[in-house]
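Visitor: Sending over a structure as structure tokens; questions will come in a sec.
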Amino acid sequence: YAVGDAREPMNRIRTVRTTPKYLSAMSEALKSASLDANPLYFANVLLNPDVLKVWGKIMVQRVSGGKMPQEQAEQLGFKLLEHLKFDRLSTGLKDPSIPVFAIEGEKKALSVLESQLRQFERALGRMFDSPNPEQYDFANEKVPPVVIPIGTIGVWNTVKVPGTDKHALNPAILRSVPLKGRTFIIGQDSDGKNNPGVTAAAAMAATLLEKEGARPQYWKPPLGPGKGFDDWVEAEA
């Protein structure tokens, strides 16, 4: 999900280095999409059920290894994905029991999404690598936790109230994300603590989120200076 001015050109979004097939699916979905009218259209396309189904097919293709006809592999793969509640990635934004992960920029938000998709792809891989995938016991696979990525543009998820020195949560978040009781993760680059502007914006966001009843948390990648979530995802590949 991206909020704010989400009209980032595809030639910049594709700089997520480890997701060419995932990005090609998104590119197909966005080909005819006009993002100018509604910045949240980007959000709706990224994780809507139709696009999520495309990603499911891509994951099955990647791991099934031609062990069975593709149609049969997809039927089996989607049964496992249903068991793992894969659809939470398209319905979870409205479910306050599922954490959201806010991070600056669509590229890093896509990296958060990729980290979620990998959990499901690994489960599919274990099934298709088993001696008899059709007899695979789904009880072997626990339902993985998920987070819903939100890519914010500019200074995190706060906006300056026009004509004042005050700040408020991005209106798109207030409209679209149920916050009361929800874990809201604020992502920072590894050197964020050394950037006073980023630190102040993150602290302000946390204060505003708490006023809305959310439970803010901070996260930064366990990597060296100047590294972000996308670098961490690539390092973990």
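Identifiers in the structure tokens: chain A, B, ... in order shown; residue index from 1 per chain; ligand index from 1 in order shown.
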So which residues of segment 91-196 of chain A fall under helix (DSSP H, G or I) by DSSP, listed as a ChimeraX atom specification?
Guide: /A:91-94,106-129,133-135,138-140,171-176,192-194,196
Visitor: Return as a ChimeraX atom specification the full set of residues in segment 68-215 of chain A whose backbone-based DSSP assignment is strand (DSSP E).
Guide: /A:100-104,148-152,158-160,167-169,183-187,215
